[in-house]
There are 2 protein chains.
Amino acid sequence: MTPEDYAKAIFSGDRVILAKSISLVESNRFEDQKMAHRLLKLCLPRTRNSIRLAITGMPGAGKSTFIERFANYLISQERKKVAVLAVDPSSLRTGGSILGDKTRMPTLATNPKAFIRPSPSSGNMGGLAFCSRESMILCEAAGYNTILIETVGVGQSETMVHSMVDFFLLLTLAGGGDILQGIKRGIIEAADALVVTKADGANIQRAKEAQMEYQSALGLALPKDSGWKPPVLVCSAQENKGIIEIYQMIQNYLNKTIQNGYFEKNRKNQYLAWIRESMEQKLRRNLNYFFIQPEVQMYQKELAQKAATGKMSPTEGGESLLMKYYENHSKFYEKFQKLS
Amino acid sequence: MTPEDYAKAIFSGDRVILAKSISLVESNRFEDQKMAHRLLKLCLPRTRNSIRLAITGMPGAGKSTFIERFANYLISQERKKVAVLAVDPSSLRTGGSILGDKTRMPTLATNPKAFIRPSPSSGNMGGLAFCSRESMILCEAAGYNTILIETVGVGQSETMVHSMVDFFLLLTLAGGGDILQGIKRGIIEAADALVVTKADGANIQRAKEAQMEYQSALGLALPKDSGWKPPVLVCSAQENKGIIEIYQMIQNYLNKTIQNGYFEKNRKNQYLAWIRESMEQKLRRNLNYFFIQPEVQMYQKELAQKAATGKMSPTEGGESLLMKYYENHSKFYEKFQKLS
């Protein structure tokens, strides 16, 4: 199959080919990467008019249930198709699980207007976000006009995901300031809205108290470039309450930021971040190629020998190695390019 | 104070200056880095005859109690001084805590022959291990001839720490194969010995069963370059049992690997890894400097504009940016050198 064949199938809504294309994007093989790049170029012009939302929260905050309800609501209300992409660095450890991701959102997994993609299981965290950017483009080209990016709010992935989306939603449980302390400050500052989940049964009163408490905490934060003041909402995914309000709040955000130009500015920044990530990924690959060259390995050993015998500090050794890299980068880069 | 003053104070056993020197090493300030480098050069020749041990285990495996007992035993038996360095990436979240590290090893913290240093709280994980390497050198120059590096066996830090030490000890609880499954395969493969902790009271029988189970699991592993077969021991730090046996086992390891040449070979590899880390750290700093140049930022914006309007893919943008970096690296590198 040529990239053009892939693109045609994606545009026609072929879910199997979409899934295969994402695997192509996630692959580390040179041939796959080459294919993926040509496919992405074909898909990029078709990515207008999509909305990209990040949904994050600590484990146990009820992300799966919320996403399932929210996505089903989106699909029921408008001409919307929803893609859910998970970016979960913790799945690196367990190797991830497609089945796991599909069974935890059962009604969504069987909805023809929804597409669920579990975490890529390979690569480092930088690579993870990078893949997700490209997967997002593929989904948008396949007609999914709302992309939900799910992350677990405990690590570095949120910062990266923040530079990928139009709106950043943080889910949290009721439980006073202690709960918020468990979440990194950067994530709270990045949030465009906070939602207190599981506001049902005996928990309603606590959820409302938490809402007030979080709201006053957020009131102390610096104003955002978007001109938007992050609100705190409550919801019960179980009882299907609060979902419409969250949807309307996000609509308000979009209206406001499209009007004041922030939406477009933010999209441009997303491309800026993407280009930089792409540059760094290439540099990383080139560097890995540098390190496996026999002449480089021999040079490293010489330096280590000097360091071990006290003739040179390891820092000076690092300096010399970096100089060798700079002097020879084009050589390694050309070799690397040929390979790719 | 000059680096020479620092060095003199360190050699004379001044603990306050040692602590200050480690802070220098951990600092990101250019001036501090320059000082640190000169200080390290003075300290490097004094680092012979030390033993470097990594002690890792999941949270709850009893690392603190074990380290306290083990270090006190070392100090009581021989002319040994022990430095404990923690490398805990999870402390990045809480910001680390000096008090925390000292109160969890109360008898060690007050022992004049022991020096405890909590996790560096800044920098990325690569930086963490890098700091620890340099801190280790400073402690050795101060006369601490046994270095215990403590890590939490859940992340990437173990791989880095493995390339810093002579011996890698994994602590684990009794609890069958399930417990080992929670630990990354790479950590188990890196271990030179496994110790089942908390083998006391009603737990003794389970600990002994676990010992046999783990031993047969390790029997399936590939032979190590060191020619050493990792044993499984049990201990009770609480009842002070098994500590001597662990000490003797490590002595056996050292005797064997010094005799067969592996110890020296491994030390050389430690320098290899150190040089590479140093090179990558410099590259990272240089790259950060590149990204903050106004002309680079302008170029990035041009590329992003092209990507946003579909004239260029973000991948091609990344390529162009990398080319700009390679073409100008010496310019940025020189500027960067002047700053540093």
# chains A, B, ... in the order shown; residues from 1 in each chain; ligands from 1

$ residues_around --residues "Ile243 in chain B" --least-positions-apart "6" --cutoff "10 Å" --atoms "only C-alpha atoms" --output "JSON, numbers by chain"
{"B": [66, 67, 69, 70, 71, 73, 74, 233, 234, 235, 236, 237, 249]}

$ write_last_selection --atoms "N, CA, C and O atoms" --output "CSV table (one decimal), in the first residue's frame"
chain,number,residue,atom,x,y,z
B,66,PHE,N,17.1,-0.9,56.5
B,66,PHE,CA,18.2,-1.7,56.1
B,66,PHE,C,19.5,-0.9,56.0
B,66,PHE,O,20.5,-1.3,56.5
B,67,ILE,N,19.4,0.2,55.3
B,67,ILE,CA,20.6,1.0,55.1
B,67,ILE,C,21.2,1.5,56.4
B,67,ILE,O,22.4,1.5,56.7
B,69,ARG,N,20.9,0.0,59.4
B,69,ARG,CA,21.6,-1.2,60.1
B,69,ARG,C,22.9,-1.5,59.4
B,69,ARG,O,23.9,-1.7,60.0
B,70,PHE,N,22.8,-1.6,58.1
B,70,PHE,CA,24.0,-2.0,57.3
B,70,PHE,C,25.1,-1.0,57.4
B,70,PHE,O,26.3,-1.4,57.7
B,71,ALA,N,24.8,0.2,57.3
B,71,ALA,CA,25.8,1.3,57.4
B,71,ALA,C,26.4,1.3,58.8
B,71,ALA,O,27.7,1.4,59.0
B,73,TYR,N,26.6,-1.2,60.8
B,73,TYR,CA,27.5,-2.4,60.9
B,73,TYR,C,28.9,-2.2,60.2
B,73,TYR,O,29.9,-2.5,60.8
B,74,LEU,N,28.8,-1.6,59.0
B,74,LEU,CA,30.1,-1.3,58.3
B,74,LEU,C,31.0,-0.5,59.2
B,74,LEU,O,32.2,-0.7,59.4
B,233,LEU,N,19.4,-13.7,49.6
B,233,LEU,CA,19.6,-13.8,51.1
B,233,LEU,C,18.3,-13.3,51.8
B,233,LEU,O,17.5,-12.6,51.2
B,234,VAL,N,18.2,-13.6,53.1
B,234,VAL,CA,17.1,-13.0,53.9
B,234,VAL,C,17.7,-12.2,55.0
B,234,VAL,O,18.8,-12.4,55.4
B,235,CYS,N,16.9,-11.2,55.4
B,235,CYS,CA,17.4,-10.4,56.6
B,235,CYS,C,16.3,-9.8,57.4
B,235,CYS,O,15.2,-9.7,56.8
B,236,SER,N,16.6,-9.5,58.6
B,236,SER,CA,15.6,-8.7,59.4
B,236,SER,C,16.4,-7.5,60.0
B,236,SER,O,17.2,-7.7,60.9
B,237,ALA,N,16.2,-6.4,59.4
B,237,ALA,CA,16.9,-5.2,59.9
B,237,ALA,C,16.4,-4.9,61.3
B,237,ALA,O,17.2,-4.5,62.2
B,249,MET,N,28.9,-11.6,51.9
B,249,MET,CA,28.6,-11.9,50.5
B,249,MET,C,29.1,-10.8,49.6
B,249,MET,O,29.7,-11.1,48.5

$ closest_atom_pairs --of "chain A" --to "chain B" --cutoff "7 Å" --atoms "only C-alpha atoms" --output "CSV"
residue,atom,partner,partner_atom,distance
A:Lys41,CA,B:Ser313,CA,6.0
A:Leu44,CA,B:Gly310,CA,6.8
A:Pro45,CA,B:Gly310,CA,6.1
A:Lys184,CA,B:Arg93,CA,6.9
A:Lys268,CA,B:Ala308,CA,6.4
A:Tyr271,CA,B:Ala304,CA,5.2
A:Leu272,CA,B:Ala304,CA,5.1
A:Trp274,CA,B:Pro314,CA,6.3
A:Ile275,CA,B:Gly318,CA,4.6
A:Arg276,CA,B:Gly318,CA,6.0
A:Ser278,CA,B:Gly318,CA,4.8
A:Met279,CA,B:Gly318,CA,4.0
A:Gln300,CA,B:Leu272,CA,6.5
A:Lys301,CA,B:Leu272,CA,6.6
A:Ala304,CA,B:Leu272,CA,5.1
A:Gln305,CA,B:Lys268,CA,6.9
A:Ala307,CA,B:Tyr271,CA,6.6
A:Ala308,CA,B:Lys268,CA,6.3
A:Gly310,CA,B:Pro45,CA,6.2
A:Ser313,CA,B:Lys41,CA,6.1
A:Pro314,CA,B:Ile275,CA,5.0
A:Thr315,CA,B:Ser278,CA,5.7
A:Gly317,CA,B:Ile275,CA,5.5
A:Gly318,CA,B:Met279,CA,4.0
A:Glu319,CA,B:Met279,CA,5.9
A:Leu321,CA,B:Met279,CA,6.3
A:Leu322,CA,B:Met279,CA,5.5

$ write_last_selection --atoms "N, CA, C and O atoms" --output "mmCIF file, in the first residue's frame"
data_model
loop_
_atom_site.group_PDB
_atom_site.id
_atom_site.type_symbol
_atom_site.label_atom_id
_atom_site.label_comp_id
_atom_site.auth_asym_id
_atom_site.auth_seq_id
_atom_site.Cartn_x
_atom_site.Cartn_y
_atom_site.Cartn_z
ATOM 1 N N LYS A 41 1.712 14.312 5.451
ATOM 2 C CA LYS A 41 1.632 15.466 4.551
ATOM 3 C C LYS A 41 0.306 15.476 3.794
ATOM 4 O O LYS A 41 -0.283 16.529 3.551
ATOM 5 N N LEU A 44 -2.470 16.450 6.584
ATOM 6 C CA LEU A 44 -2.434 17.758 7.252
ATOM 7 C C LEU A 44 -3.472 18.768 6.725
ATOM 8 O O LEU A 44 -4.114 19.450 7.531
ATOM 9 N N PRO A 45 -3.665 18.868 5.404
ATOM 10 C CA PRO A 45 -4.635 19.862 4.932
ATOM 11 C C PRO A 45 -6.069 19.583 5.388
ATOM 12 O O PRO A 45 -6.930 20.449 5.297
ATOM 13 N N LYS A 184 0.645 18.026 40.456
ATOM 14 C CA LYS A 184 1.720 18.997 40.260
ATOM 15 C C LYS A 184 1.158 20.392 40.001
ATOM 16 O O LYS A 184 0.179 20.554 39.278
ATOM 17 N N LYS A 268 -0.952 28.137 16.546
ATOM 18 C CA LYS A 268 0.373 28.402 15.966
ATOM 19 C C LYS A 268 1.465 27.935 16.923
ATOM 20 O O LYS A 268 2.464 27.358 16.514
ATOM 21 N N TYR A 271 2.133 24.341 16.632
ATOM 22 C CA TYR A 271 3.041 24.004 15.532
ATOM 23 C C TYR A 271 4.492 24.300 15.901
ATOM 24 O O TYR A 271 5.396 23.550 15.557
ATOM 25 N N LEU A 272 4.694 25.408 16.597
ATOM 26 C CA LEU A 272 6.040 25.735 17.090
ATOM 27 C C LEU A 272 6.604 24.601 17.933
ATOM 28 O O LEU A 272 7.739 24.150 17.729
ATOM 29 N N TRP A 274 5.629 21.540 18.019
ATOM 30 C CA TRP A 274 5.745 20.328 17.211
ATOM 31 C C TRP A 274 7.069 20.325 16.433
ATOM 32 O O TRP A 274 7.801 19.337 16.398
ATOM 33 N N ILE A 275 7.373 21.465 15.814
ATOM 34 C CA ILE A 275 8.611 21.578 15.034
ATOM 35 C C ILE A 275 9.824 21.357 15.935
ATOM 36 O O ILE A 275 10.761 20.646 15.585
ATOM 37 N N ARG A 276 9.771 21.935 17.110
ATOM 38 C CA ARG A 276 10.895 21.766 18.026
ATOM 39 C C ARG A 276 11.040 20.309 18.466
ATOM 40 O O ARG A 276 12.141 19.763 18.503
ATOM 41 N N SER A 278 10.109 17.736 16.817
ATOM 42 C CA SER A 278 10.573 16.983 15.659
ATOM 43 C C SER A 278 12.081 17.153 15.492
ATOM 44 O O SER A 278 12.802 16.180 15.235
ATOM 45 N N MET A 279 12.543 18.385 15.665
ATOM 46 C CA MET A 279 13.967 18.664 15.567
ATOM 47 C C MET A 279 14.739 17.877 16.619
ATOM 48 O O MET A 279 15.761 17.249 16.333
ATOM 49 N N GLN A 300 35.744 7.135 22.547
ATOM 50 C CA GLN A 300 35.177 7.169 23.902
ATOM 51 C C GLN A 300 36.032 6.363 24.870
ATOM 52 O O GLN A 300 36.241 6.751 26.011
ATOM 53 N N LYS A 301 36.488 5.210 24.398
ATOM 54 C CA LYS A 301 37.314 4.352 25.258
ATOM 55 C C LYS A 301 38.626 5.023 25.614
ATOM 56 O O LYS A 301 39.089 4.936 26.752
ATOM 57 N N ALA A 304 37.855 7.528 28.251
ATOM 58 C CA ALA A 304 37.568 6.883 29.537
ATOM 59 C C ALA A 304 38.864 6.434 30.206
ATOM 60 O O ALA A 304 39.030 6.546 31.424
ATOM 61 N N GLN A 305 39.788 5.941 29.379
ATOM 62 C CA GLN A 305 41.090 5.512 29.890
ATOM 63 C C GLN A 305 41.807 6.695 30.553
ATOM 64 O O GLN A 305 42.331 6.588 31.659
ATOM 65 N N ALA A 307 40.389 9.362 31.745
ATOM 66 C CA ALA A 307 39.665 9.765 32.952
ATOM 67 C C ALA A 307 39.992 8.818 34.098
ATOM 68 O O ALA A 307 40.209 9.247 35.238
ATOM 69 N N ALA A 308 40.043 7.519 33.781
ATOM 70 C CA ALA A 308 40.280 6.521 34.830
ATOM 71 C C ALA A 308 41.675 6.674 35.425
ATOM 72 O O ALA A 308 41.897 6.379 36.596
ATOM 73 N N GLY A 310 43.218 9.559 35.661
ATOM 74 C CA GLY A 310 43.368 10.895 36.231
ATOM 75 C C GLY A 310 44.008 11.924 35.308
ATOM 76 O O GLY A 310 44.331 13.021 35.733
ATOM 77 N N SER A 313 39.515 15.017 33.317
ATOM 78 C CA SER A 313 38.286 14.804 34.077
ATOM 79 C C SER A 313 37.199 14.310 33.123
ATOM 80 O O SER A 313 37.249 14.581 31.934
ATOM 81 N N PRO A 314 36.220 13.587 33.633
ATOM 82 C CA PRO A 314 35.125 13.118 32.774
ATOM 83 C C PRO A 314 34.422 14.287 32.082
ATOM 84 O O PRO A 314 33.951 14.149 30.955
ATOM 85 N N THR A 315 34.378 15.431 32.748
ATOM 86 C CA THR A 315 33.749 16.605 32.148
ATOM 87 C C THR A 315 34.519 17.047 30.905
ATOM 88 O O THR A 315 33.921 17.365 29.868
ATOM 89 N N GLY A 317 36.365 15.104 29.162
ATOM 90 C CA GLY A 317 36.117 14.034 28.194
ATOM 91 C C GLY A 317 34.820 14.274 27.444
ATOM 92 O O GLY A 317 34.742 14.101 26.220
ATOM 93 N N GLY A 318 33.796 14.692 28.198
ATOM 94 C CA GLY A 318 32.503 14.978 27.573
ATOM 95 C C GLY A 318 32.617 16.108 26.563
ATOM 96 O O GLY A 318 32.027 16.061 25.476
ATOM 97 N N GLU A 319 33.412 17.094 26.916
ATOM 98 C CA GLU A 319 33.674 18.237 26.034
ATOM 99 C C GLU A 319 34.300 17.756 24.719
ATOM 100 O O GLU A 319 33.859 18.124 23.621
ATOM 101 N N LEU A 321 34.238 14.826 23.398
ATOM 102 C CA LEU A 321 33.302 13.985 22.643
ATOM 103 C C LEU A 321 32.287 14.855 21.905
ATOM 104 O O LEU A 321 31.943 14.602 20.748
ATOM 105 N N LEU A 322 31.838 15.912 22.579
ATOM 106 C CA LEU A 322 30.877 16.820 21.948
ATOM 107 C C LEU A 322 31.519 17.505 20.738
ATOM 108 O O LEU A 322 30.897 17.654 19.684
#

$ residues_around --residues "range 136-148 of chain A" --least-positions-apart "4" --cutoff "6 Å" --atoms "only C-alpha atoms" --output "PyMOL selection string"
chain A and resi 10-11+13+43+46-47+50-54+81-84+132

$ write_last_selection --atoms "all heavy atoms" --output "compact mmCIF listing (two decimals), in the first residue's frame"
# COMPACT_ATOMS: atom_id res chain seq x y z
N ILE A 10 -8.21 6.41 4.75
CA ILE A 10 -8.47 7.21 5.96
C ILE A 10 -9.58 8.22 5.68
O ILE A 10 -10.53 8.35 6.46
CB ILE A 10 -7.18 7.93 6.43
CG1 ILE A 10 -6.22 6.91 7.03
CG2 ILE A 10 -7.49 9.03 7.43
CD1 ILE A 10 -4.86 7.48 7.39
N PHE A 11 -9.49 8.92 4.55
CA PHE A 11 -10.50 9.93 4.22
C PHE A 11 -11.89 9.30 4.10
O PHE A 11 -12.89 9.93 4.38
CB PHE A 11 -10.15 10.67 2.91
CG PHE A 11 -8.81 11.37 2.96
CD1 PHE A 11 -8.15 11.69 1.79
CD2 PHE A 11 -8.21 11.70 4.17
CE1 PHE A 11 -6.91 12.33 1.82
CE2 PHE A 11 -6.97 12.33 4.21
CZ PHE A 11 -6.32 12.65 3.03
N GLY A 13 -12.95 6.98 5.88
CA GLY A 13 -13.44 6.56 7.19
C GLY A 13 -13.10 5.12 7.56
O GLY A 13 -13.72 4.55 8.46
N CYS A 43 -2.44 14.20 4.95
CA CYS A 43 -3.53 14.37 5.91
C CYS A 43 -3.62 15.78 6.48
O CYS A 43 -4.71 16.25 6.83
CB CYS A 43 -3.38 13.37 7.06
SG CYS A 43 -3.74 11.67 6.57
N ARG A 46 -6.33 18.36 5.89
CA ARG A 46 -7.71 18.00 6.26
C ARG A 46 -7.98 18.15 7.75
O ARG A 46 -8.92 17.54 8.26
CB ARG A 46 -7.94 16.53 5.89
CG ARG A 46 -7.70 16.23 4.44
CD ARG A 46 -8.97 15.74 3.82
NE ARG A 46 -8.77 15.35 2.44
CZ ARG A 46 -9.70 14.76 1.71
NH1 ARG A 46 -10.87 14.48 2.25
NH2 ARG A 46 -9.47 14.46 0.45
N THR A 47 -7.15 18.90 8.45
CA THR A 47 -7.29 18.90 9.91
C THR A 47 -7.93 20.17 10.45
O THR A 47 -7.88 20.44 11.64
CB THR A 47 -5.91 18.71 10.58
OG1 THR A 47 -5.07 19.79 10.15
CG2 THR A 47 -5.28 17.40 10.18
N SER A 50 -11.28 21.11 13.77
CA SER A 50 -11.34 20.12 14.83
C SER A 50 -11.09 20.82 16.17
O SER A 50 -10.55 21.91 16.21
CB SER A 50 -10.25 19.08 14.63
OG SER A 50 -8.99 19.70 14.81
N ILE A 51 -11.55 20.17 17.24
CA ILE A 51 -11.29 20.69 18.58
C ILE A 51 -10.49 19.64 19.34
O ILE A 51 -10.80 18.46 19.28
CB ILE A 51 -12.63 20.97 19.32
CG1 ILE A 51 -13.45 22.00 18.55
CG2 ILE A 51 -12.38 21.44 20.74
CD1 ILE A 51 -12.80 23.34 18.37
N ARG A 52 -9.45 20.10 20.00
CA ARG A 52 -8.55 19.18 20.70
C ARG A 52 -8.60 19.45 22.20
O ARG A 52 -8.25 20.52 22.67
CB ARG A 52 -7.12 19.38 20.19
CG ARG A 52 -7.00 19.16 18.69
CD ARG A 52 -5.74 19.77 18.10
NE ARG A 52 -5.70 19.58 16.65
CZ ARG A 52 -4.74 20.04 15.85
NH1 ARG A 52 -3.73 20.72 16.36
NH2 ARG A 52 -4.79 19.81 14.56
N LEU A 53 -9.06 18.44 22.95
CA LEU A 53 -9.20 18.61 24.39
C LEU A 53 -8.30 17.62 25.13
O LEU A 53 -8.25 16.44 24.76
CB LEU A 53 -10.65 18.33 24.82
CG LEU A 53 -11.78 19.03 24.08
CD1 LEU A 53 -13.12 18.53 24.61
CD2 LEU A 53 -11.67 20.54 24.25
N ALA A 54 -7.63 18.08 26.15
CA ALA A 54 -6.89 17.18 27.03
C ALA A 54 -7.72 16.95 28.28
O ALA A 54 -8.32 17.87 28.82
CB ALA A 54 -5.54 17.77 27.41
N LYS A 81 -17.87 13.43 15.65
CA LYS A 81 -17.21 12.13 15.78
C LYS A 81 -16.02 12.34 16.73
O LYS A 81 -15.31 13.33 16.63
CB LYS A 81 -16.72 11.63 14.42
CG LYS A 81 -17.85 11.17 13.50
CD LYS A 81 -17.32 10.80 12.12
CE LYS A 81 -16.56 9.48 12.13
NZ LYS A 81 -15.97 9.18 10.80
N VAL A 82 -15.86 11.40 17.64
CA VAL A 82 -14.88 11.60 18.72
C VAL A 82 -13.77 10.55 18.67
O VAL A 82 -14.06 9.36 18.59
CB VAL A 82 -15.57 11.55 20.10
CG1 VAL A 82 -14.55 11.70 21.22
CG2 VAL A 82 -16.65 12.63 20.20
N ALA A 83 -12.53 11.01 18.73
CA ALA A 83 -11.41 10.08 18.89
C ALA A 83 -10.79 10.27 20.26
O ALA A 83 -10.59 11.40 20.70
CB ALA A 83 -10.37 10.33 17.80
N VAL A 84 -10.54 9.17 20.95
CA VAL A 84 -9.91 9.22 22.28
C VAL A 84 -8.51 8.63 22.17
O VAL A 84 -8.33 7.47 21.79
CB VAL A 84 -10.73 8.39 23.31
CG1 VAL A 84 -10.06 8.46 24.68
CG2 VAL A 84 -12.16 8.88 23.38
N SER A 132 1.49 11.10 19.55
CA SER A 132 0.11 11.48 19.75
C SER A 132 -0.27 12.66 18.87
O SER A 132 -1.38 12.75 18.38
CB SER A 132 -0.13 11.84 21.22
OG SER A 132 0.23 10.74 22.02

$ select_by_dssp --residues "range 166-225 of chain B" --states "alpha helix (DSSP H)" --output "ChimeraX atom specification"
/B:176-182,185-190,204-219

$ atom_distance --atom1 "CA of Asn203 in chain B" --atom2 "CA of Asn240 in chain B"
14.8 Å

$ residues_around --residues "Val196 in chain B" --least-positions-apart "3" --cutoff "7 Å" --atoms "only C-alpha atoms" --output "list of chain:residue names"
B:Leu171, B:Thr172, B:Leu173, B:Ala174, B:Ala199, B:Ala207, B:Gln211, B:Leu233, B:Val234, B:Cys235

$ atom_distance --atom1 "CA of Met164 in chain A" --atom2 "CA of Asn49 in chain A"
15.1 Å

$ residues_around --residues "range 220-225 of chain B" --least-positions-apart "2" --cutoff "10 Å" --atoms "only C-alpha atoms" --output "short mmCIF file (atom, residue, chain, number, x, y, z; two decimals) with N, CA, C and O atoms, in the first residue's frame"
data_model
loop_
_atom_site.label_atom_id
_atom_site.label_comp_id
_atom_site.auth_asym_id
_atom_site.auth_seq_id
_atom_site.Cartn_x
_atom_site.Cartn_y
_atom_site.Cartn_z
N ILE B 188 15.87 -6.33 37.96
CA ILE B 188 16.18 -7.67 38.47
C ILE B 188 17.43 -8.21 37.77
O ILE B 188 18.31 -8.79 38.40
N GLU B 189 17.51 -7.97 36.47
CA GLU B 189 18.68 -8.46 35.72
C GLU B 189 19.96 -7.75 36.15
O GLU B 189 21.04 -8.31 36.08
N ALA B 190 19.81 -6.49 36.59
CA ALA B 190 20.98 -5.73 37.00
C ALA B 190 21.48 -6.14 38.39
O ALA B 190 22.63 -5.92 38.73
N ASP B 192 23.01 -7.72 41.61
CA ASP B 192 24.08 -8.66 41.94
C ASP B 192 23.69 -9.53 43.12
O ASP B 192 24.32 -10.54 43.40
N GLN B 215 15.40 -17.57 44.15
CA GLN B 215 16.66 -18.18 43.74
C GLN B 215 16.47 -19.02 42.49
O GLN B 215 17.28 -18.96 41.57
N SER B 216 15.37 -19.74 42.43
CA SER B 216 15.18 -20.57 41.23
C SER B 216 14.83 -19.69 40.03
O SER B 216 15.19 -20.00 38.90
N ALA B 217 14.15 -18.56 40.30
CA ALA B 217 13.87 -17.63 39.19
C ALA B 217 15.16 -17.03 38.64
O ALA B 217 15.36 -16.94 37.43
N LEU B 218 16.06 -16.66 39.54
CA LEU B 218 17.33 -16.07 39.12
C LEU B 218 18.21 -17.10 38.41
O LEU B 218 19.04 -16.74 37.57
N GLY B 227 30.92 -12.97 36.05
CA GLY B 227 31.14 -14.34 36.45
C GLY B 227 30.51 -14.67 37.80
O GLY B 227 30.72 -15.73 38.37
N TRP B 228 29.70 -13.75 38.29
CA TRP B 228 29.08 -13.87 39.62
C TRP B 228 27.64 -14.33 39.47
O TRP B 228 26.90 -13.82 38.63
N LYS B 229 27.26 -15.31 40.29
CA LYS B 229 25.86 -15.75 40.29
C LYS B 229 25.12 -15.06 41.42
O LYS B 229 25.42 -15.29 42.59
N PRO B 230 24.15 -14.20 41.10
CA PRO B 230 23.45 -13.44 42.15
C PRO B 230 22.76 -14.36 43.16
O PRO B 230 21.90 -15.16 42.78
N THR B 257 35.60 -10.38 41.85
CA THR B 257 35.66 -9.52 40.66
C THR B 257 36.97 -8.73 40.59
O THR B 257 37.38 -8.35 39.50
N TYR B 262 37.07 -8.07 36.53
CA TYR B 262 35.80 -7.41 36.20
C TYR B 262 35.64 -6.08 36.92
O TYR B 262 35.12 -5.12 36.35
N ASN B 266 34.71 -2.78 34.98
CA ASN B 266 33.44 -2.12 35.29
C ASN B 266 33.67 -0.65 35.66
O ASN B 266 32.91 0.23 35.25
#

$ atom_distance --atom1 "CA of Cys131 in chain B" --atom2 "CA of Val16 in chain B"
17.9 Å

$ closest_residue --among "A:Gln248, A:Gln238, A:Thr65, A:Thr159" --to "Ile187 in chain A" --atoms "only C-alpha atoms"
A:Thr159
